[in-house]
>>> print(open('coords.tsv').read())   # TSV, C-alpha atoms
chain	number	residue	atom	x	y	z
A	77	MET	CA	44.05	-8.80	-3.64
A	78	THR	CA	44.37	-8.92	-7.40
A	79	GLY	CA	41.38	-8.11	-9.58
A	80	SER	CA	39.48	-6.59	-6.67
A	81	ALA	CA	37.77	-3.55	-8.16
A	82	ARG	CA	34.89	-5.32	-9.89
A	83	GLY	CA	32.81	-8.47	-9.89
A	84	ILE	CA	33.70	-11.36	-7.60
A	85	GLY	CA	36.91	-9.62	-6.59
A	86	ARG	CA	35.07	-6.52	-5.43
A	87	ALA	CA	32.51	-8.58	-3.51
A	88	THR	CA	35.36	-10.44	-1.83
A	89	ALA	CA	37.12	-7.16	-0.98
A	90	GLU	CA	33.89	-5.84	0.53
A	91	LEU	CA	33.47	-8.99	2.61
A	92	LEU	CA	37.06	-8.90	3.83
A	93	THR	CA	36.90	-5.22	4.83
A	94	SER	CA	33.56	-5.79	6.58
A	95	GLN	CA	35.42	-8.32	8.74
A	96	GLY	CA	38.17	-5.82	9.55
A	97	ALA	CA	40.75	-6.69	6.91
A	98	GLN	CA	42.81	-4.01	5.22
A	99	VAL	CA	42.56	-4.59	1.47
A	100	LEU	CA	44.68	-3.47	-1.45
A	101	ILE	CA	42.32	-2.80	-4.37
A	102	ASN	CA	43.82	-3.73	-7.74
A	103	ASP	CA	42.67	-3.24	-11.31
A	104	LEU	CA	44.18	-2.55	-14.71
A	105	ASP	CA	42.24	0.72	-14.74
A	106	GLY	CA	43.41	3.09	-12.00
A	107	ASP	CA	40.20	5.13	-12.07
A	108	VAL	CA	38.11	2.00	-11.51
A	109	ALA	CA	40.38	0.90	-8.66
A	110	GLU	CA	40.23	4.33	-7.01
A	111	GLN	CA	36.45	4.44	-7.33
A	112	ALA	CA	36.04	0.98	-5.83
A	113	ALA	CA	38.40	1.82	-2.95
A	114	GLY	CA	36.38	4.97	-2.26
A	115	GLU	CA	33.09	3.09	-2.22
A	116	ILE	CA	34.19	0.12	-0.13
A	117	GLN	CA	33.62	0.56	3.59
A	118	GLY	CA	36.84	-0.11	5.44
A	119	GLU	CA	40.54	0.48	5.10
A	120	THR	CA	41.78	0.19	1.53
A	121	ALA	CA	44.73	1.21	-0.60
A	122	VAL	CA	45.06	1.09	-4.39
A	123	PHE	CA	47.48	-0.46	-6.85
A	124	ALA	CA	46.65	-0.02	-10.53
A	125	GLY	CA	48.57	-1.73	-13.26
A	126	ASP	CA	49.02	-4.61	-15.63
A	127	LEU	CA	50.06	-7.55	-13.48
A	128	THR	CA	51.38	-9.41	-16.50
A	129	LYS	CA	54.31	-6.97	-16.62
A	130	SER	CA	57.25	-8.70	-14.96
A	131	ASP	CA	57.83	-6.04	-12.28
A	132	ALA	CA	54.16	-5.47	-11.39
A	133	PRO	CA	53.65	-8.36	-8.91
A	134	GLU	CA	56.56	-7.15	-6.76
A	135	ALA	CA	55.27	-3.58	-6.97
A	136	LEU	CA	51.79	-4.79	-5.93
A	137	VAL	CA	53.19	-6.58	-2.88
A	138	LYS	CA	55.34	-3.57	-2.00
A	139	ALA	CA	52.27	-1.32	-2.20
A	140	ALA	CA	50.39	-3.60	0.21
A	141	VAL	CA	53.28	-3.77	2.68
A	142	ASP	CA	53.88	0.00	2.44
A	143	ALA	CA	50.19	0.68	3.08
A	144	PHE	CA	49.50	-1.90	5.79
A	145	GLY	CA	52.86	-3.11	7.09
A	146	LYS	CA	52.11	-6.79	6.53
A	147	ILE	CA	50.29	-9.39	4.46
A	148	ASP	CA	48.02	-11.95	6.12
A	149	ILE	CA	45.79	-12.89	3.19
A	150	LEU	CA	46.69	-13.10	-0.48
A	151	VAL	CA	43.85	-13.46	-2.98
A	152	ASN	CA	44.83	-14.10	-6.61
A	153	ASN	CA	41.62	-13.19	-8.41
A	154	ALA	CA	42.69	-11.23	-11.50
A	155	GLY	CA	41.61	-12.83	-14.73
A	156	TYR	CA	39.77	-12.38	-17.97
A	157	THR	CA	38.87	-14.38	-21.01
A	158	ILE	CA	39.18	-13.93	-24.72
A	159	ASP	CA	35.91	-15.10	-26.20
A	160	ALA	CA	37.18	-16.80	-29.31
A	161	PRO	CA	37.12	-20.35	-30.55
A	162	VAL	CA	40.51	-21.98	-30.19
A	163	HIS	CA	41.01	-22.22	-33.97
A	164	LYS	CA	40.69	-18.43	-34.25
A	165	MET	CA	42.90	-17.54	-31.30
A	166	SER	CA	46.38	-16.20	-31.92
A	167	ASP	CA	49.46	-17.34	-30.02
A	168	GLU	CA	49.58	-13.90	-28.39
A	169	GLN	CA	46.00	-14.22	-27.14
A	170	PHE	CA	46.64	-17.69	-25.76
A	171	GLN	CA	49.83	-16.48	-24.07
A	172	ALA	CA	47.83	-13.64	-22.48
A	173	MET	CA	45.51	-16.26	-20.95
A	174	LEU	CA	48.47	-18.26	-19.64
A	175	ASP	CA	50.07	-15.13	-18.22
A	176	ILE	CA	47.09	-13.77	-16.29
A	177	HIS	CA	45.82	-17.12	-15.03
A	178	THR	CA	49.04	-18.99	-14.22
A	179	VAL	CA	52.12	-16.76	-14.38
A	180	VAL	CA	50.68	-13.80	-12.45
A	181	PRO	CA	49.47	-15.85	-9.44
A	182	PHE	CA	52.88	-17.52	-9.26
A	183	ARG	CA	54.74	-14.19	-9.40
A	184	VAL	CA	52.47	-12.54	-6.84
A	185	LEU	CA	52.86	-15.47	-4.43
A	186	ARG	CA	56.61	-15.52	-4.95
A	187	ALA	CA	56.80	-11.78	-4.19
A	188	ALA	CA	54.58	-12.15	-1.12
A	189	ALA	CA	56.22	-15.30	0.27
A	190	PRO	CA	58.77	-13.51	2.49
A	191	TYR	CA	55.95	-11.46	4.06
A	192	LEU	CA	53.97	-14.62	4.75
A	193	ARG	CA	56.77	-16.97	5.83
A	194	ASP	CA	59.18	-14.78	7.81
A	195	PRO	CA	56.61	-13.45	10.30
A	196	ALA	CA	55.21	-16.97	10.71
A	197	LYS	CA	58.62	-18.30	11.70
A	198	LYS	CA	59.05	-15.56	14.31
A	199	GLU	CA	55.52	-16.03	15.66
A	200	ARG	CA	56.00	-19.79	15.90
A	201	GLU	CA	59.14	-19.23	18.01
A	202	GLU	CA	57.11	-16.91	20.27
A	203	GLY	CA	54.23	-19.37	20.57
A	204	VAL	CA	51.85	-17.09	18.64
A	205	GLU	CA	49.58	-18.52	15.99
A	206	VAL	CA	48.45	-16.34	13.09
A	207	PHE	CA	46.50	-17.90	10.26
A	208	ARG	CA	47.71	-16.53	6.94
A	209	LYS	CA	45.89	-17.58	3.81
A	210	VAL	CA	46.51	-17.79	0.07
A	211	VAL	CA	43.40	-18.04	-2.10
A	212	ASN	CA	43.64	-18.68	-5.83
A	213	VAL	CA	40.33	-17.98	-7.53
A	214	SER	CA	39.35	-20.09	-10.50
A	215	SER	CA	36.29	-20.29	-12.72
A	216	THR	CA	33.41	-22.72	-12.79
A	217	SER	CA	33.28	-22.28	-16.56
A	218	ALA	CA	36.70	-23.88	-16.98
A	219	PRO	CA	35.55	-27.51	-16.87
A	220	SER	CA	32.38	-26.98	-18.92
A	221	ALA	CA	32.46	-27.22	-22.69
A	222	THR	CA	31.05	-24.57	-24.95
A	223	PRO	CA	31.65	-24.40	-28.67
A	224	ASP	CA	32.90	-20.81	-28.72
A	225	ARG	CA	34.67	-20.35	-25.39
A	226	ARG	CA	37.53	-22.79	-25.06
A	227	THR	CA	40.31	-20.39	-24.16
A	228	THR	CA	40.18	-20.78	-20.38
A	229	ARG	CA	40.08	-24.60	-20.43
A	230	PRO	CA	43.83	-25.19	-20.39
A	231	VAL	CA	44.75	-22.25	-18.17
A	232	ARG	CA	42.18	-21.17	-15.58
A	233	PRO	CA	42.01	-24.43	-13.57
A	234	ALA	CA	45.76	-24.31	-13.04
A	235	SER	CA	45.34	-21.18	-10.93
A	236	SER	CA	43.35	-23.14	-8.35
A	237	VAL	CA	46.20	-25.52	-7.54
>>> encode(input="coords.tsv", output="structure tokens")
Amino acid sequence: MTGSARGIGRATAELLTSQGAQVLINDLDGDVAEQAAGEIQGETAVFAGDLTKSDAPEALVKAAVDAFGKIDILVNNAGYTIDAPVHKMSDEQFQAMLDIHTVVPFRVLRAAAPYLRDPAKKEREEGVEVFRKVVNVSSTSAPSATPDRRTTRPVRPASSV
């Protein structure tokens, strides 16, 4: 689960572990991720790192598989905003929004796909049904207009597709 050490992500991680799920706690800040994992009741592991780095999504998936042996639920929750009016935002800042809200969920899903699809094929042949899920978290602020926060408009809704 990306972005699972604080806020909505942490609450979701707590809910999932309370229902028996094993959850990989992820945050940019390793100390925050470790603290959250220690405080959450249930089985957790930690992956800290910047998911916008091209090799990080594969490393995140590998950490989950190494810790738990499988992936049944993928939650793409990582995200942030740059609170700046569009006319004051740099290309680099806008690209950061595109990366975290659209590129990262794609890369994480691509890395996880073999761990979601291959077991499903085998289980289908055996007559076993396991419900795997992919959840892409978006923001309710994306469709609402505010004069000073326009940076998530073009990018955050795309992560809910």
>>> residues_around(input="coords.tsv", residues="Val99 in chain A", least_positions_apart="4", cutoff="12 Å", atoms="only C-alpha atoms", output="ChimeraX atom specification")
/A:77-81,85-95,109,112-114,116-123,136-137,139-141,143-151
>>> closest_residue(input="coords.tsv", among="A:Ala132, A:Ala154, A:Val108, A:Val184", to="Ile84 in chain A", atoms="all atoms listed in the file")
A:Ala154
>>> atom_distance(input="coords.tsv", atom1="CA of Gln169 in chain A", atom2="CA of Val211 in chain A")
25.5 Å
>>> atom_distance(input="coords.tsv", atom1="CA of Glu134 in chain A", atom2="CA of Lys198 in chain A")
22.8 Å
>>> axis_aligned_box(input="coords.tsv", around="range 149-165 of chain A", padding_each_side="8 Å", output="lines of an AutoDock Vina configuration file")
center_x = 41.3
center_y = -16.7
center_z = -15.5
size_x = 26.8
size_y = 27.0
size_z = 53.4
>>> closest_residue(input="coords.tsv", among="A:Leu192, A:Ala124, A:Ala187, A:Met173", to="Ala160 in chain A", atoms="all atoms listed in the file")
A:Met173
>>> closest_residue(input="coords.tsv", among="A:Ser166, A:Lys138, A:Asn102, A:Leu127", to="Pro190 in chain A", atoms="all atoms listed in the file")
A:Lys138
>>> atom_distance(input="coords.tsv", atom1="CA of Leu100 in chain A", atom2="CA of Asn152 in chain A")
11.8 Å
>>> residues_around(input="coords.tsv", residues="Ala196 in chain A", least_positions_apart="5", cutoff="12 Å", atoms="all atoms listed in the file", output="number ranges by chain")
A: 146-148, 189-191, 201-209
